[in-house]
Amino acid sequence: MLLSIQTDISTFSWVLALTAALVVGISKAGIKGVAIINVTLMALAFGAKESTGLVVPLLILADIFAVVYYNRHTQWKYIIRFLPWIIVGILIGVFIGIDLDENTFKICMAVIILGSVVMMYWWDRKKSKTVPSHWGFAGFIGILAGITTMIGNLAGAFSNIFFLAMRLPKNEFIGTAAWLFLIINVIKLPFHIWFWGTITPETLVVNLKLAPGIFIGLFVGVRLVKMIKEGFYRKMILILTALGAILILLK
């Protein structure tokens with residue numbers, strides 16, 4: 001229960017949470033991969049399961065900005081291909097998340113993420129222009145993304161792999177991911193409110209206090225994206241995603 005979260009939270013936890021909010025803003029502005037840092041900080045501040053619900057309204061707030069700012073770059077055909085599988089994964093995550101062994105989950109997830117990064121690095125080195133067209137690729141990555149986004153708000157790593165595999169240019173990558181995650185996070189809301197009870201009026205008050213960190217992060221992130229070159233952007237996403245997987249193991 002999160003009913004006493006406002007009074008029980010320590011100064012150190014507030015620092016962690018505000019830093020996490022800043023990272024959310026930077027991530028949603030287009031610096032993909034750093035979102036896993038936010039997940040780790042929020043879990044340290046509020047606890048693993050409690051933090052998953054608390055952070056969702058913050059994600060939606062940042063998603064709305066990203067959609068407005070990058071909407072013109074959205075490639076809907078990739079969302080239509082990917083989203084149904086994510087929804088299947090979310091439904092699976094709702095029911096397995098209650099009794100899931102967190103240690104086993106995070107180890108398996110980190111291994112899968114790191115394996116996917118190695119695969120994408122190999123594809124980049126190969127310089128192949130062929131993208132995975134089989135439905136099984138979108139299905140496998142999408143279901144994993146759905147399960148992990150419901151349990152730990154960690155779909156970013158798997159969506160990064162999917163969009164990088166599709167070889168989307170930087171702005172199309174950001175714009176497409178913006179709409180995808182806005183839809184996903186809105187879908188997750190009722191499950192956190194009524195199934196898990198991890199979103200309450202009390203947690204929404206905490207969200208309001210953390211909102212300034214989101215806006216500062218968005219401001220910083222937009223400027224960073226403009227400075228990053230296309231080729232370096234792909235390498236940066238892979239590196240940050242791999243580092244995020246390692247952070248999950250160490251969390």
# chains A, B, ... in the order shown; residues from 1 in each chain; ligands from 1
call {"tool": "residues_around", "arguments": {"residues": "segment 222-226 of chain A", "least_positions_apart": "5", "cutoff": "10 Å", "atoms": "only C-alpha atoms", "output": "list of chain:residue names"}}
result
A:Gly25, A:Ile26, A:Ser27, A:Lys28, A:Ala29, A:Gly30, A:Ile31, A:Lys32, A:Ala66, A:Tyr69, A:Lys170, A:Asn171, A:Ile174, A:Gly217, A:Tyr233
call {"tool": "select_by_dssp", "arguments": {"residues": "segment 89-226 of chain A", "states": "alpha helix (DSSP H)", "output": "JSON, numbers by chain"}}
result
{"A": [89, 90, 91, 92, 93, 94, 95, 96, 102, 103, 104, 105, 106, 107, 108, 109, 110, 111, 112, 113, 114, 115, 116, 117, 118, 119, 120, 121, 122, 123, 124, 125, 126, 135, 136, 137, 138, 139, 140, 141, 142, 143, 144, 145, 146, 147, 148, 149, 150, 151, 152, 155, 156, 157, 158, 159, 160, 161, 162, 163, 164, 165, 170, 171, 172, 173, 174, 175, 176, 177, 178, 179, 180, 181, 182, 183, 184, 185, 186, 187, 188, 189, 190, 201, 202, 203, 204, 205, 206, 207, 208, 209, 210, 211, 212, 213, 214, 215, 216, 217, 218, 219, 220, 221, 222, 223, 224, 225, 226]}
call {"tool": "residues_around", "arguments": {"residues": "Met150 of chain A", "least_positions_apart": "3", "cutoff": "6 Å", "atoms": "only C-alpha atoms", "output": "list in words"}}
result
Ile90, Gly93, Ile147 and Asn153 of chain A
call {"tool": "residues_around", "arguments": {"residues": "Val39 of chain A", "least_positions_apart": "4", "cutoff": "8 Å", "atoms": "only C-alpha atoms", "output": "list in words"}}
result
Ala20, Ala35, Ala43, Ser51, Thr52, Gly152, Asn153 and Leu154 of chain A
call {"tool": "write_last_selection", "arguments": {"atoms": "N, CA and C atoms", "output": "PDB file, in the first residue's frame"}}
result
ATOM      1  N   ALA A  20      15.079  10.753 -11.076  1.00  0.00           N
ATOM      2  CA  ALA A  20      14.374   9.839 -11.970  1.00  0.00           C
ATOM      3  C   ALA A  20      13.423  10.602 -12.888  1.00  0.00           C
ATOM      4  N   ALA A  35      16.048   5.487 -19.944  1.00  0.00           N
ATOM      5  CA  ALA A  35      14.847   5.280 -19.128  1.00  0.00           C
ATOM      6  C   ALA A  35      15.041   4.178 -18.095  1.00  0.00           C
ATOM      7  N   ALA A  43      12.709   2.563  -8.169  1.00  0.00           N
ATOM      8  CA  ALA A  43      12.609   1.353  -7.352  1.00  0.00           C
ATOM      9  C   ALA A  43      13.377   1.522  -6.046  1.00  0.00           C
ATOM     10  N   SER A  51       6.788   1.431  -7.182  1.00  0.00           N
ATOM     11  CA  SER A  51       7.308   2.435  -8.115  1.00  0.00           C
ATOM     12  C   SER A  51       6.739   2.255  -9.514  1.00  0.00           C
ATOM     13  N   THR A  52       6.370   1.020  -9.885  1.00  0.00           N
ATOM     14  CA  THR A  52       5.866   0.800 -11.243  1.00  0.00           C
ATOM     15  C   THR A  52       4.579   1.574 -11.490  1.00  0.00           C
ATOM     16  N   GLY A 152       7.637  -3.709 -14.830  1.00  0.00           N
ATOM     17  CA  GLY A 152       8.702  -2.816 -14.395  1.00  0.00           C
ATOM     18  C   GLY A 152       8.905  -1.567 -15.229  1.00  0.00           C
ATOM     19  N   ASN A 153       7.955  -1.218 -16.127  1.00  0.00           N
ATOM     20  CA  ASN A 153       8.132  -0.063 -17.020  1.00  0.00           C
ATOM     21  C   ASN A 153       9.439  -0.163 -17.791  1.00  0.00           C
ATOM     22  N   LEU A 154       9.734  -1.366 -18.283  1.00  0.00           N
ATOM     23  CA  LEU A 154      11.021  -1.624 -18.940  1.00  0.00           C
ATOM     24  C   LEU A 154      10.879  -1.997 -20.415  1.00  0.00           C
TER      25      LEU A 154
END
call {"tool": "closest_residue", "arguments": {"among": "A:Gly142, A:Gly213, A:Gly197, A:Pro190", "to": "Tyr78 of chain A", "atoms": "only C-alpha atoms"}}
result
A:Gly142
call {"tool": "atom_distance", "arguments": {"atom1": "atom CA of Val94 of chain A", "atom2": "atom CA of Ile151 of chain A"}}
result
7.4 Å
call {"tool": "closest_residue", "arguments": {"among": "A:Phe95, A:Trp122, A:Phe65, A:Phe82", "to": "His192 of chain A", "atoms": "only C-alpha atoms"}}
result
A:Phe95
call {"tool": "closest_residue", "arguments": {"among": "A:Ile86, A:Leu114, A:Ile237, A:Ile79", "to": "Phe140 of chain A", "atoms": "only C-alpha atoms"}}
result
A:Ile86
call {"tool": "closest_residue", "arguments": {"among": "A:Ala157, A:Val186, A:Leu168, A:Leu16", "to": "Asp63 of chain A", "atoms": "only C-alpha atoms"}}
result
A:Val186
call {"tool": "closest_residue", "arguments": {"among": "A:Ala138, A:Ala145, A:Val118, A:Ala155", "to": "Ile80 of chain A", "atoms": "only C-alpha atoms"}}
result
A:Ala138
call {"tool": "residues_around", "arguments": {"residues": "Leu58 of chain A", "least_positions_apart": "4", "cutoff": "7 Å", "atoms": "only C-alpha atoms", "output": "count of residues only"}}
result
3
call {"tool": "closest_residue", "arguments": {"among": "A:Ile214, A:Leu243, A:Phe195, A:Glu172", "to": "Gln75 of chain A", "atoms": "only C-alpha atoms"}}
result
A:Glu172
call {"tool": "atom_distance", "arguments": {"atom1": "atom CA of Trp85 of chain A", "atom2": "atom CA of Leu249 of chain A"}}
result
25.7 Å
call {"tool": "atom_distance", "arguments": {"atom1": "atom CA of Leu182 of chain A", "atom2": "atom CA of Met227 of chain A"}}
result
25.0 Å
